[in-house]
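> Can you keep this structure in mind? I'll have questions shortly.
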Amino acid sequence: MPTPTADPRRPWLAAAALALLAVLAWTFAHTHDRLTWALETFPVWVALPLMAATQRRYPLTSLLYFFIFWHCVVLMVGGQYSYARVPAGFWVQDAFGLQRNPYDKLGHFMQGFVPALLAREILRRGGYVQGRRMLAFLVVCVVLAFSATYEMIEWAAAVMLGQGADEFLGTQGDPWDTQSDMAFALLGAVVALALLSRLHDRQIARLPAPDRRAGA
């Protein structure tokens with residue numbers, strides 16, 4: 001197999017990774033609840049090493065890297081304050097007369113938006129699915145499965161940690177919080193597919209052929 005060529009984006013990706021590590025350190029230093037911070041930022045701890053390890057043989061599109069960056073920021077800010085206490089959420093709550101801080105819904109929207117692009121990229125590049133409609137359908141199924149799994153993780157944390165999981169759950173007294181979380185993830189997936197599929201396809205087509213074969 002040909003050796004993958006050097007990715008010209010590597011300096012920018014390295015700078016983005018350093019920026020995320022700086023935000024991670026800042027949020028850790030200024031959080032009021034380090035257990036909640038650890039739980040909320042755990043996906044960042046998984047994603048950054050994984051992307052670093054696979055960047056040479058299976059680089060992602062710039063579009064996906066861009067939104068992964070901002071998803072990580074959303075997670076880290078949510079971990080710093082806990083989702084129910086993020087100041088930006090209170091501004092939106094006051095501006096629109098909402099009954100609760102909506103920042104966690106942004107988190108769940110991103111939980112659908114970004115995994116939709118990731119699932120689409122893997123399925124598209126690997127040639128696992130034929131047809132745009134079937135691709136979109138399976139991407140939505142993956143997002144809903146991921147969202148449901150995350151809700152089960154939250155449930156397990158609540159069982160194991162008891163009252164200590166209240167900040168992590170962030171339900172704010174809403175009995176339908178789980179259902180609305182999954183609905184926002186679904187909305188994020190649909191928006192990502194509707195707005196970005198064509199741009200995503202163009203970027204996938206520009207990836208070097210040896211790298212695409214490595215991911216098949």
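If you're wondering about the labels, chains in the structure tokens are A, B, ... by order shown, residues count from 1 in each chain, ligands from 1 in order shown.
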Which residues, written as a list in words, have at least one atom at most 10 Å from Pro43 (chain A), with only C-alpha atoms counted and residues fewer than 3 positions away on the same chain left out?
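The residues that qualify are Ala38, Leu39, Glu40, Val46, Ala47, Leu48, His71, Cys72, Leu75 and Met76 of chain A.
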> Could you pull the residues within 8 Å of region 97-104 of chain A, counting only C-alpha atoms, minus those fewer than 5 positions along the same chain, as an NGL selection string?
:A and (78 or 83-86 or 88-90 or 92 or 170 or 172)
> Pick out the residues sitting within 7 Å of Gln80 (chain A), and hand them over as a VMD selection string; count only C-alpha atoms, and ignore anything fewer than 5 positions along from it in its own chain.
chain A and resid 27 to 28 30 to 31 37
> Store the residues picked out above, limited to N, CA and C atoms, as a JSON list (two decimals), in the first residue's frame.

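Listed below is the output, again_39.json:
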```
[["chain", "number", "residue", "atom", "x", "y", "z"],
["A", 27, "THR", "N", -10.96, 25.24, 31.93],
["A", 27, "THR", "CA", -12.24, 24.84, 32.51],
["A", 27, "THR", "C", -12.04, 23.98, 33.75],
["A", 28, "PHE", "N", -10.99, 23.15, 33.75],
["A", 28, "PHE", "CA", -10.70, 22.35, 34.94],
["A", 28, "PHE", "C", -10.32, 23.24, 36.12],
["A", 30, "HIS", "N", -11.22, 26.24, 36.69],
["A", 30, "HIS", "CA", -12.28, 27.16, 37.11],
["A", 30, "HIS", "C", -13.63, 26.47, 37.32],
["A", 31, "THR", "N", -13.64, 25.16, 37.37],
["A", 31, "THR", "CA", -14.91, 24.48, 37.60],
["A", 31, "THR", "C", -15.23, 24.44, 39.09],
["A", 37, "TRP", "N", -17.20, 17.91, 35.92],
["A", 37, "TRP", "CA", -16.29, 18.28, 34.83],
["A", 37, "TRP", "C", -15.71, 17.02, 34.19]]
```
> Name all residues at most 12 Å from Ala6 (chain A) (count only C-alpha atoms; drop same-chain ones fewer than 5 positions away) and give them as a compact mmCIF listing (two decimals) with all heavy atoms, in the first residue's frame.

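Saved result, out-v5.txt, follows:
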```
# COMPACT_ATOMS: atom_id res chain seq x y z
N PRO A 11 -0.25 21.47 10.60
CA PRO A 11 0.03 22.59 11.52
C PRO A 11 -1.25 23.20 12.11
O PRO A 11 -1.28 23.54 13.29
CB PRO A 11 0.77 23.60 10.64
CG PRO A 11 1.37 22.77 9.55
CD PRO A 11 0.38 21.69 9.27
N GLN A 55 -4.77 10.23 12.53
CA GLN A 55 -4.75 11.34 11.59
C GLN A 55 -3.96 11.04 10.33
O GLN A 55 -4.35 11.45 9.23
CB GLN A 55 -4.23 12.61 12.28
CG GLN A 55 -4.50 13.90 11.52
CD GLN A 55 -3.44 14.20 10.49
OE1 GLN A 55 -2.27 13.87 10.69
NE2 GLN A 55 -3.84 14.82 9.37
N ARG A 56 -2.86 10.30 10.44
CA ARG A 56 -2.03 10.05 9.26
C ARG A 56 -2.68 9.04 8.31
O ARG A 56 -2.67 9.22 7.10
CB ARG A 56 -0.64 9.56 9.69
CG ARG A 56 0.23 10.66 10.29
CD ARG A 56 1.60 10.12 10.64
NE ARG A 56 2.32 9.65 9.45
CZ ARG A 56 3.05 10.43 8.65
NH1 ARG A 56 3.16 11.72 8.91
NH2 ARG A 56 3.68 9.92 7.61
N ARG A 57 -3.22 7.95 8.86
CA ARG A 57 -3.74 6.92 7.98
C ARG A 57 -5.22 7.11 7.64
O ARG A 57 -5.70 6.54 6.67
CB ARG A 57 -3.52 5.53 8.59
CG ARG A 57 -4.30 5.28 9.87
CD ARG A 57 -4.02 3.87 10.40
NE ARG A 57 -4.71 3.62 11.65
CZ ARG A 57 -5.96 3.19 11.75
NH1 ARG A 57 -6.68 3.00 10.65
NH2 ARG A 57 -6.51 2.98 12.93
N TYR A 58 -5.93 7.88 8.46
CA TYR A 58 -7.36 8.09 8.19
C TYR A 58 -7.75 9.51 8.60
O TYR A 58 -8.50 9.72 9.55
CB TYR A 58 -8.20 7.07 8.97
CG TYR A 58 -9.62 6.93 8.44
CD1 TYR A 58 -9.91 6.09 7.37
CD2 TYR A 58 -10.66 7.65 9.01
CE1 TYR A 58 -11.21 5.95 6.89
CE2 TYR A 58 -11.96 7.53 8.54
CZ TYR A 58 -12.23 6.68 7.49
OH TYR A 58 -13.50 6.56 7.02
N PRO A 59 -7.23 10.50 7.87
CA PRO A 59 -7.60 11.88 8.19
C PRO A 59 -9.06 12.15 7.86
O PRO A 59 -9.61 11.57 6.92
CB PRO A 59 -6.67 12.71 7.29
CG PRO A 59 -6.39 11.81 6.13
CD PRO A 59 -6.34 10.41 6.70
N LEU A 207 -10.17 14.07 -0.55
CA LEU A 207 -9.22 13.34 0.28
C LEU A 207 -8.36 12.44 -0.59
O LEU A 207 -8.84 11.88 -1.58
CB LEU A 207 -9.94 12.50 1.34
CG LEU A 207 -10.61 13.27 2.47
CD1 LEU A 207 -11.43 12.33 3.33
CD2 LEU A 207 -9.58 14.01 3.32
N PRO A 208 -7.07 12.27 -0.26
CA PRO A 208 -6.20 11.40 -1.06
C PRO A 208 -6.73 9.99 -1.13
O PRO A 208 -7.22 9.44 -0.14
CB PRO A 208 -4.85 11.45 -0.31
CG PRO A 208 -4.92 12.72 0.49
CD PRO A 208 -6.36 12.90 0.85
N PRO A 210 -5.29 6.97 -1.27
CA PRO A 210 -4.78 5.95 -0.35
C PRO A 210 -5.40 6.05 1.03
O PRO A 210 -5.66 5.06 1.71
CB PRO A 210 -3.27 6.22 -0.30
CG PRO A 210 -2.98 6.88 -1.61
CD PRO A 210 -4.21 7.71 -1.90
N ASP A 211 -5.67 7.29 1.48
CA ASP A 211 -6.28 7.47 2.80
C ASP A 211 -7.70 6.95 2.82
O ASP A 211 -8.15 6.40 3.80
CB ASP A 211 -6.26 8.96 3.18
CG ASP A 211 -4.84 9.47 3.35
OD1 ASP A 211 -3.91 8.63 3.30
OD2 ASP A 211 -4.65 10.67 3.53
```
> At a cut-off of 9 Å, using only C-alpha atoms, what residues contact region 185-187 of chain A? Leave out same-chain residues fewer than 6 positions from it and give the result as a VMD selection string.
chain A and resid 105 107 to 113 140 143 to 144 147
> May I have the selected residues written with C-alpha atoms, as a tab-separated table (two decimals), in the first residue's frame?

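So the final result, stored in again.tsv, reads:
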```tsv
chain	number	residue	atom	x	y	z
A	105	LYS	CA	-30.08	21.37	24.55
A	107	GLY	CA	-25.08	20.11	23.82
A	108	HIS	CA	-27.55	17.49	22.67
A	109	PHE	CA	-28.05	19.24	19.33
A	110	MET	CA	-24.30	18.99	18.80
A	111	GLN	CA	-24.48	15.38	19.99
A	112	GLY	CA	-26.60	14.72	16.92
A	113	PHE	CA	-25.00	17.19	14.51
A	140	VAL	CA	-30.05	9.15	11.58
A	143	VAL	CA	-27.29	9.16	15.86
A	144	LEU	CA	-30.42	7.98	17.67
A	147	SER	CA	-28.08	9.38	21.85
```
> So that I can see what lies close to Leu193 (chain A), please list as a list in words the residues with an atom at most 8 Å from it, counting only C-alpha atoms and leaving out residues fewer than 6 positions away in the same chain.
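Near Leu193 (chain A), the qualifying residues are Ala116, Leu117 and Ala136 of chain A.
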> Give me a file of those residues, with N, CA, C and O atoms, as a PDB file, in the first residue's frame.

```pdb
ATOM      1  N   ALA A 116     -23.510  12.767  13.312  1.00  0.00           N
ATOM      2  CA  ALA A 116     -24.113  12.541  11.997  1.00  0.00           C
ATOM      3  C   ALA A 116     -23.066  12.712  10.899  1.00  0.00           C
ATOM      4  O   ALA A 116     -22.989  11.894   9.963  1.00  0.00           O
ATOM      5  N   LEU A 117     -22.258  13.745  10.994  1.00  0.00           N
ATOM      6  CA  LEU A 117     -21.202  13.943  10.004  1.00  0.00           C
ATOM      7  C   LEU A 117     -20.150  12.844  10.090  1.00  0.00           C
ATOM      8  O   LEU A 117     -19.646  12.370   9.064  1.00  0.00           O
ATOM      9  N   ALA A 136     -28.635   8.603   4.401  1.00  0.00           N
ATOM     10  CA  ALA A 136     -29.215   9.532   5.359  1.00  0.00           C
ATOM     11  C   ALA A 136     -30.004   8.786   6.437  1.00  0.00           C
ATOM     12  O   ALA A 136     -29.918   9.116   7.629  1.00  0.00           O
TER      13      ALA A 136
END
```
> Which parts of region 78-171 of chain A does DSSP call alpha helix (DSSP H) when run on the backbone here, written out as number ranges by chain?
A: 78-81, 87-96, 103-126, 132-161, 166-169
> Keeping C-alpha atoms for every residue in the selection just given, could you write it to a file as a PDB file, in the first residue's frame?

```
ATOM      1  CA  GLY A  78     -20.768  22.560  29.999  1.00  0.00           C
ATOM      2  CA  GLY A  79     -18.368  20.677  32.244  1.00  0.00           C
ATOM      3  CA  GLN A  80     -16.981  23.854  33.758  1.00  0.00           C
ATOM      4  CA  TYR A  81     -20.314  25.278  34.888  1.00  0.00           C
ATOM      5  CA  PRO A  87     -24.015  31.961  31.747  1.00  0.00           C
ATOM      6  CA  ALA A  88     -24.758  32.062  28.013  1.00  0.00           C
ATOM      7  CA  GLY A  89     -27.709  29.756  28.660  1.00  0.00           C
ATOM      8  CA  PHE A  90     -29.119  32.169  31.221  1.00  0.00           C
ATOM      9  CA  TRP A  91     -28.878  34.996  28.676  1.00  0.00           C
ATOM     10  CA  VAL A  92     -30.915  32.966  26.186  1.00  0.00           C
ATOM     11  CA  GLN A  93     -33.355  31.965  28.926  1.00  0.00           C
ATOM     12  CA  ASP A  94     -33.950  35.609  29.886  1.00  0.00           C
ATOM     13  CA  ALA A  95     -34.116  36.820  26.284  1.00  0.00           C
ATOM     14  CA  PHE A  96     -36.804  34.311  25.279  1.00  0.00           C
ATOM     15  CA  TYR A 103     -27.512  25.223  27.155  1.00  0.00           C
ATOM     16  CA  ASP A 104     -27.831  21.460  27.607  1.00  0.00           C
ATOM     17  CA  LYS A 105     -30.084  21.367  24.552  1.00  0.00           C
ATOM     18  CA  LEU A 106     -27.260  22.936  22.544  1.00  0.00           C
ATOM     19  CA  GLY A 107     -25.079  20.110  23.820  1.00  0.00           C
ATOM     20  CA  HIS A 108     -27.554  17.485  22.668  1.00  0.00           C
ATOM     21  CA  PHE A 109     -28.054  19.242  19.333  1.00  0.00           C
ATOM     22  CA  MET A 110     -24.301  18.990  18.804  1.00  0.00           C
ATOM     23  CA  GLN A 111     -24.479  15.375  19.989  1.00  0.00           C
ATOM     24  CA  GLY A 112     -26.597  14.719  16.920  1.00  0.00           C
ATOM     25  CA  PHE A 113     -24.997  17.189  14.505  1.00  0.00           C
ATOM     26  CA  VAL A 114     -21.370  16.068  14.810  1.00  0.00           C
ATOM     27  CA  PRO A 115     -21.889  12.284  15.086  1.00  0.00           C
ATOM     28  CA  ALA A 116     -24.113  12.541  11.997  1.00  0.00           C
ATOM     29  CA  LEU A 117     -21.202  13.943  10.004  1.00  0.00           C
ATOM     30  CA  LEU A 118     -18.834  11.363  11.477  1.00  0.00           C
ATOM     31  CA  ALA A 119     -21.144   8.433  10.710  1.00  0.00           C
ATOM     32  CA  ARG A 120     -21.813   9.793   7.231  1.00  0.00           C
ATOM     33  CA  GLU A 121     -18.101  10.147   6.530  1.00  0.00           C
ATOM     34  CA  ILE A 122     -17.270   6.614   7.642  1.00  0.00           C
ATOM     35  CA  LEU A 123     -20.168   5.052   5.732  1.00  0.00           C
ATOM     36  CA  ARG A 124     -19.551   7.157   2.620  1.00  0.00           C
ATOM     37  CA  ARG A 125     -15.792   6.659   2.462  1.00  0.00           C
ATOM     38  CA  GLY A 126     -15.997   2.965   3.189  1.00  0.00           C
ATOM     39  CA  ARG A 132     -28.172   8.898  -0.689  1.00  0.00           C
ATOM     40  CA  ARG A 133     -31.528   8.203   0.958  1.00  0.00           C
ATOM     41  CA  MET A 134     -30.345   4.989   2.579  1.00  0.00           C
ATOM     42  CA  LEU A 135     -27.185   6.765   3.716  1.00  0.00           C
ATOM     43  CA  ALA A 136     -29.215   9.532   5.359  1.00  0.00           C
ATOM     44  CA  PHE A 137     -31.546   6.996   6.972  1.00  0.00           C
ATOM     45  CA  LEU A 138     -28.697   4.977   8.463  1.00  0.00           C
ATOM     46  CA  VAL A 139     -26.920   8.107   9.691  1.00  0.00           C
ATOM     47  CA  VAL A 140     -30.050   9.155  11.579  1.00  0.00           C
ATOM     48  CA  CYS A 141     -30.330   5.624  13.016  1.00  0.00           C
ATOM     49  CA  VAL A 142     -26.719   5.780  14.227  1.00  0.00           C
ATOM     50  CA  VAL A 143     -27.293   9.161  15.857  1.00  0.00           C
ATOM     51  CA  LEU A 144     -30.424   7.983  17.671  1.00  0.00           C
ATOM     52  CA  ALA A 145     -28.607   4.843  18.849  1.00  0.00           C
ATOM     53  CA  PHE A 146     -25.710   6.972  20.098  1.00  0.00           C
ATOM     54  CA  SER A 147     -28.080   9.377  21.850  1.00  0.00           C
ATOM     55  CA  ALA A 148     -29.978   6.519  23.508  1.00  0.00           C
ATOM     56  CA  THR A 149     -26.697   4.965  24.663  1.00  0.00           C
ATOM     57  CA  TYR A 150     -25.641   8.280  26.194  1.00  0.00           C
ATOM     58  CA  GLU A 151     -28.941   8.547  28.036  1.00  0.00           C
ATOM     59  CA  MET A 152     -28.382   5.046  29.435  1.00  0.00           C
ATOM     60  CA  ILE A 153     -24.924   6.117  30.583  1.00  0.00           C
ATOM     61  CA  GLU A 154     -26.533   9.060  32.383  1.00  0.00           C
ATOM     62  CA  TRP A 155     -29.028   6.696  33.983  1.00  0.00           C
ATOM     63  CA  ALA A 156     -26.203   4.390  35.130  1.00  0.00           C
ATOM     64  CA  ALA A 157     -24.331   7.371  36.584  1.00  0.00           C
ATOM     65  CA  ALA A 158     -27.450   8.441  38.462  1.00  0.00           C
ATOM     66  CA  VAL A 159     -27.833   4.943  39.929  1.00  0.00           C
ATOM     67  CA  MET A 160     -24.181   4.665  40.961  1.00  0.00           C
ATOM     68  CA  LEU A 161     -23.594   8.224  42.171  1.00  0.00           C
ATOM     69  CA  ASP A 166     -27.571  15.664  39.718  1.00  0.00           C
ATOM     70  CA  GLU A 167     -25.218  18.181  38.101  1.00  0.00           C
ATOM     71  CA  PHE A 168     -24.221  15.672  35.412  1.00  0.00           C
ATOM     72  CA  LEU A 169     -27.838  14.867  34.553  1.00  0.00           C
TER      73      LEU A 169
END
```
> Residues within 10 Å of Ala205 (chain A), please, as a list of chain:residue names. Count only C-alpha atoms; anything in the same chain fewer than 5 positions from it doesn't count.
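Returned residues: A:Thr61, A:Arg125, A:Leu199, A:His200, A:Arg212.
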> By how many Å are CA of Leu196 (chain A) and CA of Leu21 (chain A) apart?
27.6 Å
> So, with only C-alpha atoms as the atoms that count, which of A:Leu20, A:Trp45, A:Ala53, A:Val190 lies closest to Trp70 (chain A)?
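Residue with the minimum atom-to-atom distance to Trp70 (chain A): A:Leu20.
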> Quote the spacing between CA of Gly131 (chain A) and CA of Gln203 (chain A) in Å to one decimal place.
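Computing it gives 18.2 Å between the two atoms.
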> By how many Å are CA of Asp201 (chain A) and CA of Gly127 (chain A) apart?
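CA of Asp201 (chain A) sits 12.7 Å away from CA of Gly127 (chain A).
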